[in-house]
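S.K.: Input: one structure, supplied below.
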Amino acid sequence: MQIVTAIISCEPGETNVTTPSDINSCRMDLQTVCGRQGRVVSKLELNSWPPNNTKQRRICQGCCQVLLPCPVKPPVKWSQCAATNMDKTFRTTGVKRDCHICQDGCKKRCDAIGARVGDQFCGFQGDTVFLGLACTCCCWE
């Protein structure tokens, strides 16, 4: 069995949090954990892979930062970034099932425009046969 882990890099002063979650409640689950620390979610990553796409196999990881006067709006849905973010979503074909490819690709795409990775999601293309990775990247300045 392949085990994929989320490795997200938090800024100095932020705390790193990880919890099993699902695609609909990752941000809410992280916000609960960050809220207990008196902080808000600054960025998050959810790695999800079929065919055993159960909550126990999903890794929701994020960073908690001190409250800002104007927090960034969360994305409306995973395939769409918030209006305040820049969408640098991409897909790969014929690569291995490694969500670090999404993470590295998101960082490169956001760095190229002088922005920081906010939300990112790594998913697999294809229902029964692996066709590649689907990487949602939301960049913010």
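Residues in the structure tokens are named by chain (A, B, ... in the order shown) and by number from 1 within that chain; ligands are numbered from 1 in the order shown.
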Please identify all polymer residues within 9 Å of Lys88 of chain A, counting only C-alpha atoms, omitting same-chain residues fewer than 5 positions from it, and present them as a list in words.
M.R.: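 Counting only C-alpha atoms, the residues come to Cys106, Arg109, Cys110, Cys135, Thr136, Cys137, Cys138 and Cys139 of chain A.
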S.K.: Limited to N, CA and C atoms, could you put the picked residues into a file as a PDB file, in the first residue's frame?
M.R.:
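Full text of result-v4.pdb as output:
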```pdb
ATOM      1  N   CYS A 106       2.803  23.677  -7.574  1.00  0.00           N
ATOM      2  CA  CYS A 106       2.083  24.846  -7.067  1.00  0.00           C
ATOM      3  C   CYS A 106       3.070  25.903  -6.574  1.00  0.00           C
ATOM      4  N   ARG A 109       4.703  27.624  -9.556  1.00  0.00           N
ATOM      5  CA  ARG A 109       3.774  28.504 -10.273  1.00  0.00           C
ATOM      6  C   ARG A 109       3.474  29.769  -9.474  1.00  0.00           C
ATOM      7  N   CYS A 110       3.315  29.647  -8.160  1.00  0.00           N
ATOM      8  CA  CYS A 110       3.045  30.827  -7.331  1.00  0.00           C
ATOM      9  C   CYS A 110       4.303  31.689  -7.199  1.00  0.00           C
ATOM     10  N   CYS A 135      -4.101  18.950  -9.974  1.00  0.00           N
ATOM     11  CA  CYS A 135      -3.547  19.812  -8.922  1.00  0.00           C
ATOM     12  C   CYS A 135      -4.218  21.169  -8.933  1.00  0.00           C
ATOM     13  N   THR A 136      -4.967  21.481  -7.896  1.00  0.00           N
ATOM     14  CA  THR A 136      -5.589  22.790  -7.756  1.00  0.00           C
ATOM     15  C   THR A 136      -4.646  23.664  -6.930  1.00  0.00           C
ATOM     16  N   CYS A 137      -4.261  24.807  -7.467  1.00  0.00           N
ATOM     17  CA  CYS A 137      -3.343  25.724  -6.789  1.00  0.00           C
ATOM     18  C   CYS A 137      -3.967  27.112  -6.718  1.00  0.00           C
ATOM     19  N   CYS A 138      -4.083  27.649  -5.535  1.00  0.00           N
ATOM     20  CA  CYS A 138      -4.584  28.994  -5.337  1.00  0.00           C
ATOM     21  C   CYS A 138      -3.460  29.829  -4.726  1.00  0.00           C
ATOM     22  N   CYS A 139      -3.029  30.863  -5.454  1.00  0.00           N
ATOM     23  CA  CYS A 139      -1.908  31.704  -5.021  1.00  0.00           C
ATOM     24  C   CYS A 139      -2.435  33.042  -4.518  1.00  0.00           C
TER      25      CYS A 139
END
```
S.K.: With only C-alpha atoms as the counted atoms, please give the residues lying no more than 6 Å from Gln61 of chain A, apart from itself and same-chain residues fewer than 6 positions off, as a PyMOL selection string.
M.R.: chain A and resi 17-18+44-45
S.K.: Have a look at A:Gly105, A:Ala83, A:Arg116, A:Val66 and name the one nearest to Val40 of chain A; count only C-alpha atoms.
M.R.: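 Checking each of A:Gly105, A:Ala83, A:Arg116, A:Val66 against Val40 of chain A, counting only C-alpha atoms, the winner is A:Val66.
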S.K.: Show me, as a ChimeraX atom specification, the residues that have an atom within 7 Å of Gly132 of chain A when counting only C-alpha atoms, minus same-chain residues fewer than 5 positions from it.
M.R.: /A:92-95,124-125
S.K.: Based on the selection just made, write N, CA, C and O atoms of those residues as a PDB file, in the first residue's frame.
M.R.:
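After the write, part24.pdb holds the following:
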```
ATOM      1  N   THR A  92      -1.423  16.716 -14.718  1.00  0.00           N
ATOM      2  CA  THR A  92      -0.292  15.971 -15.261  1.00  0.00           C
ATOM      3  C   THR A  92      -0.803  14.668 -15.854  1.00  0.00           C
ATOM      4  O   THR A  92      -1.892  14.206 -15.512  1.00  0.00           O
ATOM      5  N   THR A  93      -0.029  14.082 -16.714  1.00  0.00           N
ATOM      6  CA  THR A  93      -0.369  12.774 -17.266  1.00  0.00           C
ATOM      7  C   THR A  93       0.851  11.875 -17.166  1.00  0.00           C
ATOM      8  O   THR A  93       1.984  12.341 -17.262  1.00  0.00           O
ATOM      9  N   GLY A  94       0.607  10.617 -16.941  1.00  0.00           N
ATOM     10  CA  GLY A  94       1.667   9.633 -16.951  1.00  0.00           C
ATOM     11  C   GLY A  94       2.719   9.765 -15.873  1.00  0.00           C
ATOM     12  O   GLY A  94       3.825   9.273 -16.042  1.00  0.00           O
ATOM     13  N   VAL A  95       2.409  10.445 -14.791  1.00  0.00           N
ATOM     14  CA  VAL A  95       3.369  10.546 -13.688  1.00  0.00           C
ATOM     15  C   VAL A  95       2.945   9.605 -12.571  1.00  0.00           C
ATOM     16  O   VAL A  95       1.831   9.100 -12.551  1.00  0.00           O
ATOM     17  N   PHE A 124      -6.401  12.488  -7.964  1.00  0.00           N
ATOM     18  CA  PHE A 124      -6.048  11.634  -9.085  1.00  0.00           C
ATOM     19  C   PHE A 124      -7.093  11.770 -10.179  1.00  0.00           C
ATOM     20  O   PHE A 124      -8.290  11.820  -9.903  1.00  0.00           O
ATOM     21  N   GLN A 125      -6.645  11.821 -11.429  1.00  0.00           N
ATOM     22  CA  GLN A 125      -7.544  11.805 -12.569  1.00  0.00           C
ATOM     23  C   GLN A 125      -7.882  10.354 -12.901  1.00  0.00           C
ATOM     24  O   GLN A 125      -7.016   9.500 -12.865  1.00  0.00           O
TER      25      GLN A 125
END
```
S.K.: Under the rule that only C-alpha atoms are counted, which of A:Cys81, A:Val117, A:Asp111, A:Asn47 is the nearest residue to Ala134 of chain A?
M.R.: A:Asn47
S.K.: At a cut-off of 7 Å, using only C-alpha atoms, what residues contact segment 21-32 of chain A? Leave out same-chain residues fewer than 5 positions from it and give the result as an MDAnalysis selection string.
M.R.: chainID A and resid 40:41 55 58:60 62
S.K.: Atom CA of Gly35 of chain A and atom CA of Pro20 of chain A are how many Å apart?
M.R.: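 It comes out at 17.2 Å.
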S.K.: Which residue is closest to Cys122 of chain A? Choose from A:Glu14, A:Asp104, A:Glu141, A:Asp87 and count only C-alpha atoms.
M.R.: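 Closest to Cys122 of chain A, using only C-alpha atoms: A:Asp104.
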S.K.: State, in Å with one decimal place, the distance from atom CA of Phe90 of chain A to atom CA of Gln120 of chain A.
M.R.: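 Distance between the two atoms: 10.9 Å.
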S.K.: What does the distance from atom CA of Lys107 of chain A to atom CA of Thr19 of chain A come to in Å, to one decimal?
M.R.: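 Distance reported for this atom pair: 22.1 Å.
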S.K.: Find, counting only C-alpha atoms, the residue in A:Gly13, A:Asp119, A:Cys63, A:Ala112 that gets nearest to Thr89 of chain A.
M.R.: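 Between A:Gly13, A:Asp119, A:Cys63, A:Ala112, the residue approaching Thr89 of chain A most closely is A:Asp119.
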